[in-house]
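For reference, the structure discussed in these notes is given below.
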Number of protein chains: 2
Amino acid sequence: MKPNIDHVAERAQVSKATVSRVLNNNPQVKGEIKERVLRAIEELGYRPSVIARNLATNRTNNIGLILPDITNPYFPVLARGIEDAAHRLGYTLFIGNTDNDPKIEQDIIYKMVEQQVGGIVLISSTLDEKTVNELTSLHTPIVLCDRLIEDKPFDAVSIDNYKAAQDSINYLIERGHTRIAHLAGPKNIQSAVSRRTGYMDAMHAANLEPFVSVGTFSYESGVHQMGAVIDEYAPTAIFAANDLLALGAMQEIHRRGLRVPEDISIIGCDDIAFCAMSRPTLSTISIPAYQIGVTAVQLLDDQMKGVRSGSKNVILEHKLIHRESCNGVDQK
Amino acid sequence: MKPNIDHVAERAQVSKATVSRVLNNNPQVKGEIKERVLRAIEELGYRPSVIARNLATNRTNNIGLILPDITNPYFPVLARGIEDAAHRLGYTLFIGNTDNDPKIEQDIIYKMVEQQVGGIVLISSTLDEKTVNELTSLHTPIVLCDRLIEDKPFDAVSIDNYKAAQDSINYLIERGHTRIAHLAGPKNIQSAVSRRTGYMDAMHAANLEPFVSVGTFSYESGVHQMGAVIDEYAPTAIFAANDLLALGAMQEIHRRGLRVPEDISIIGCDDIAFCAMSRPTLSTISIPAYQIGVTAVQLLDDQMKGVRSGSKNVILEHKLIHRESCNGVDQK
DNA sequence: TTGAAAGCGCTAACAA
DNA sequence: TTGTTAGCGCTTTCAA
């Protein structure tokens with residue numbers, strides 16, 4: 001039979017309150033008694049019941065991670081950062097995929113709250129007024145990743161997507177490109193929108209004619225969009241809203257017998273591992289996904305421990321990575 | 001104040017046992033009373049405390065997924081299958097990465113058991129006698145993925161790695177190759193060992209001289225190993241123990257000014273998404289990772305519900321996918 | 001510094 | 001068919 005706190009108390013000849021104190025490192029237990037309790041615990045192979053403790057204290061050491069789809073190569077790195085940080089802080093991690101479906105997202109959030117998670121790291125696409133109000137009413141600490149919500153009562157950690165887009169465009173402009181098209185992501189995803197706006201503003205600032213093709217954040221979408229872009233705009237460079245799009249676009253460019261970067265330069269965003277493996281290797285905006293994850297958990301931990309009041313918005317640095325897929329227009 | 005079962009009982013003018021019955025869909029509650037209780041629940045916005053229920057029943061609706069590293073592109077698909085199946089069955093999923101470190105693995109297993117998970121899906125590399133005994137002593141349902149343990153009291157789901165390797169070699173032999181090298185995975189990972197054995201046996205059966213280079217399951221290892229293989233063996237074909245190795249090898253082959261498949265054909269294993277995106281696209285053994293995940297959860301659910309006694313070993317079908325990276329020797 | 005005892009919010013015998 | 005009551009294994013006042 002699995003030993004419980006009473007068995008330990010009995011064996012150590014103390015009350016279970018004392019055992020509980022030892023368990024919780026309460027310093028007011030005298031050394032000798034503490035020894036005795038620890039020995040009893042050892043001898044019985046006793047492990048406290050987390051569940052009973054949860055009920056008594058009304059909290060858990062669990063936190064939840066809710067993301068669109070772990071299958072998208074950008075997310076595993078983020079998830080790993082979160083898991084590592086959570087593990088380090090003694091939390092166990094729940095995980096759930098939403099496929100960007102607001103209904104599923106709701107579902108999972110409630111399920112995790114029901115499990116009494118101490119906090120949630122949320123990568124959401126659906127932050128309308130209604131959702132925000134519901135989240136607020138949960139009274140569960142929340143940290144948002146990858147989207148920047150101003151004037152909202154949530155902690156968040158992300159990069160400056162607007163600036164990342166501008167950096168990309170300016171990088172292409174410096175290399176002499178003037179016909180730069182943008183493969184954009186979904187309109188309901190905030191990071192995609194920021195990147196698109198950054199692109200538009202940078203193009204206008206340089207007096208260049210913009211061209212945007214909207215799709216999803218997938219490889220297939222990149223393949224598909226690229227065909228239309230070539231037909232309708234004849235670009236010499238592409239800024240893709242993420243790397244999967246860029247890789248798909250590259251595929252289509254090659255299929256048409258054009259070359260990267262000689263005919264068309266291309267830059268992506270995220271810096272997934274495959275950017276360095278593709279032929280040619282893919283220039284991109286590197287997002288510190290792992291660090292975003294770690295930071296998110298730190299913010300969450302602070303909230304859970306009541307260290308801070310008010311919400312905090314952390315913007316991490318992105319970095320443009322130059323690889324083979326980008327050339328100057330004169331280097332054909 | 002958050003309502004509890006007593007509040008509901010009071011409002012519905014019944015005992016809390018009756019409320020509990022309604023909560024658990026016990027059919028012996030009369031329709032009218034059930035209505036009253038449901039109304040009270042509705043009006044109070046009552047949600048039962050999972051934690052209290054866990055303590056009372058001594059079980060949870062949580063299951064755990066323990067894997068080496070979610071960052072390895074093979075695992076997210078598996079994880080997704082597991083999450084989807086778990087979600088469908090009403091389980092919430094814990095996740096933990098081990099980095100193939102037996103100590104961390106132990107740690108996470110205990111942590112999850114401590115959380116009273118109902119069961120664990122384990123992708124382990126370290127199944128020695130000692131670990132097996134410890135796992136058995138946990139009395140927690142366990143399903144192993146991706147490795148086949150005979151005569152062990154665990155459910156498992158995997159593919160036939162030995163045969164997968166043989167299929168690959170025979171496929172290359174049919175195309176006229178005779179100098180076929182193998183980039184092997186770590187010696188302590190069972191799937192890697194099976195693939196290697198399959199390779200060796202297939203080579204011997206065909207009277208061909210084998211050449212094995214041992215490394216890790218990473219891209220970098222593929223790059224590194226490939227150099228040595230070219231120098232020491234001059235292969236016309238490569239069977240890599242996984243796709244990352246294959247992609248790394250391809251990179252190195254190109255770097256040396258050789259061509260795939262004209263100079264060297266190459267086939268990998270796993271069928272990660274990038275296989276279809278690389279240049280050339282990569283032939284590989286397709287492993288039904290998603291289906292493995294789904295099946296694992298089904299087995300786990302059976303165990304948890306006591307449907308079955310004895311352990312079950314499910315082998316799913318793999319499939320050889322022909323892509324551009326493989327040629328006949330005469331098609332130079 | 002330690003112990004006694006009352007919960008935490010539910011489930012499940014057992015009785016009625 | 002419903003209610004009474006005793007736990008589940010801890011934590012946490014309050015008293016000693």
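We name chains A, B, ... following the order of the structure tokens; residues begin at 1 in each chain, and ligands are numbered from 1 as shown.
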Residues of chain A that have any atom at most 9 Å from an atom of chain C: could you tabulate them with the shortest-distance atom pair and the distance in Å to one decimal, using only C-alpha atoms (C1' of nucleotides), ordered by chain and increasing number, as CSV?
residue,atom,partner,partner_atom,distance
A:Val14,CA,C:DT2,C1',8.3
A:Ser15,CA,C:DG3,C1',6.1
A:Lys16,CA,C:DG3,C1',8.6
A:Ala17,CA,C:DG3,C1',7.3
A:Thr18,CA,C:DT2,C1',7.0
A:Gln28,CA,C:DT1,C1',6.7
A:Val29,CA,C:DT1,C1',6.6
A:Lys30,CA,C:DT1,C1',7.0
A:Ala52,CA,C:DC8,C1',8.8
A:Asn54,CA,C:DC8,C1',8.8
A:Leu55,CA,C:DC8,C1',5.3
A:Ala56,CA,C:DC8,C1',4.7
A:Thr57,CA,C:DC8,C1',7.4
A:Asn58,CA,C:DC8,C1',7.3
Exercise. From region 92-146 of chain B, collect each residue whose DSSP state is strand (DSSP E) and return the set as a ChimeraX atom specification.
Key: /B:92-97,119-122,142-145
Exercise. With a distance threshold of 9 Å and counting only C-alpha atoms, extract the residues of chain A near chain B and express them as a PyMOL selection string.
Key: chain A and resi 47-52+54-55+58+64+69-73+75-77+79-80+83-84+87+92-97+108+111-112+114-116+219+247-248+251+274+277-280
With chain B as the partner and 7 Å as the cut-off, tabulate the residues of chain D that qualify, each row holding the nearest pair of atoms and their distance in Å to one decimal, using only C-alpha atoms (C1' of nucleotides), sorted by chain and rising number, as JSON lines.
{"residue": "D:DT1", "atom": "C1'", "partner": "B:Val29", "partner_atom": "CA", "distance": 6.6}
{"residue": "D:DT2", "atom": "C1'", "partner": "B:Thr18", "partner_atom": "CA", "distance": 6.9}
{"residue": "D:DG3", "atom": "C1'", "partner": "B:Ser15", "partner_atom": "CA", "distance": 6.1}
{"residue": "D:DC8", "atom": "C1'", "partner": "B:Ala56", "partner_atom": "CA", "distance": 4.7}
Self-check item: For region 281-291 of chain A: contacts at 6 Å, only C-alpha atoms (C1' of nucleotides), fewer than 5 positions along chain excluded, given as a list in words
Solution: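 Those residues are Val77, Leu78, Gly81, Ile267, Gly268, Cys269, Asp270, Asp271, Cys275, Ala276, His318, Lys319, Leu320, Ile321, His322, Arg323, Glu324 and Ser325 of chain A.
Coordinates place CA of Asp146 (chain A) at a distance of 20.9 Å from CA of Gly118 (chain A).
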Quiz prompt | Residue neighbourhood Pro141 (chain B), 7 Å, only C-alpha atoms (C1' of nucleotides), exclusion window fewer than 4 positions, as a PyMOL selection string | solution = chain B and resi 118-120+300+303-304
For the residues in that selection, give me C-alpha atoms as an mmCIF file, in the first residue's frame.
data_model
loop_
_atom_site.group_PDB
_atom_site.id
_atom_site.type_symbol
_atom_site.label_atom_id
_atom_site.label_comp_id
_atom_site.auth_asym_id
_atom_site.auth_seq_id
_atom_site.Cartn_x
_atom_site.Cartn_y
_atom_site.Cartn_z
ATOM 1 C CA GLY B 118 -3.537 8.047 -15.919
ATOM 2 C CA GLY B 119 -0.956 6.860 -18.387
ATOM 3 C CA ILE B 120 2.216 7.705 -20.254
ATOM 4 C CA LEU B 300 -3.178 3.604 -23.555
ATOM 5 C CA GLN B 303 -5.101 -0.103 -20.683
ATOM 6 C CA MET B 304 -6.496 2.669 -18.523
#
Exercise. Might you pull out every residue within 6 Å of Arg195 (chain A), with only C-alpha atoms (C1' of nucleotides) counted and same-chain residues fewer than 4 positions away left off, and present them as a ChimeraX atom specification?
Key: /A:161-162,165
Practice problem: Work out how far apart CA of Tyr110 (chain B) and CA of Leu122 (chain A) are and give it in Å to one decimal. | Solution: 26.7 Å
Exercise. Give the alpha helix (DSSP H) residues of region 40-230 of chain B, as assigned by DSSP on the backbone, as a VMD selection string.
Key: chain B and resid 40 to 44 50 to 57 75 to 88 102 to 114 129 to 137 161 to 174 190 to 205 219 to 230
Exercise. Find the residues around Gln106 (chain B) up to 12 Å (only C-alpha atoms (C1' of nucleotides) counted), leave out those fewer than 4 positions away in its own chain, and share them as a list in words.
Key: Ile66, Leu67, Gly96, Asn97, Thr98, Asp99, Asn100, Asp101, Pro102, Tyr110, Lys111, Met112, Val113, Leu122, Ser124, Ser125, Thr126, Leu127, Lys130, Thr131, Val132, Glu134, Leu135 and Leu138 of chain B
Self-check item: Shell around Gln13 (chain B) at 12 Å using only C-alpha atoms (C1' of nucleotides), local window under 3 positions removed, as an NGL selection string
Solution: (:B and (5-10 or 16-19 or 33-40)) or (:D and (2-3))
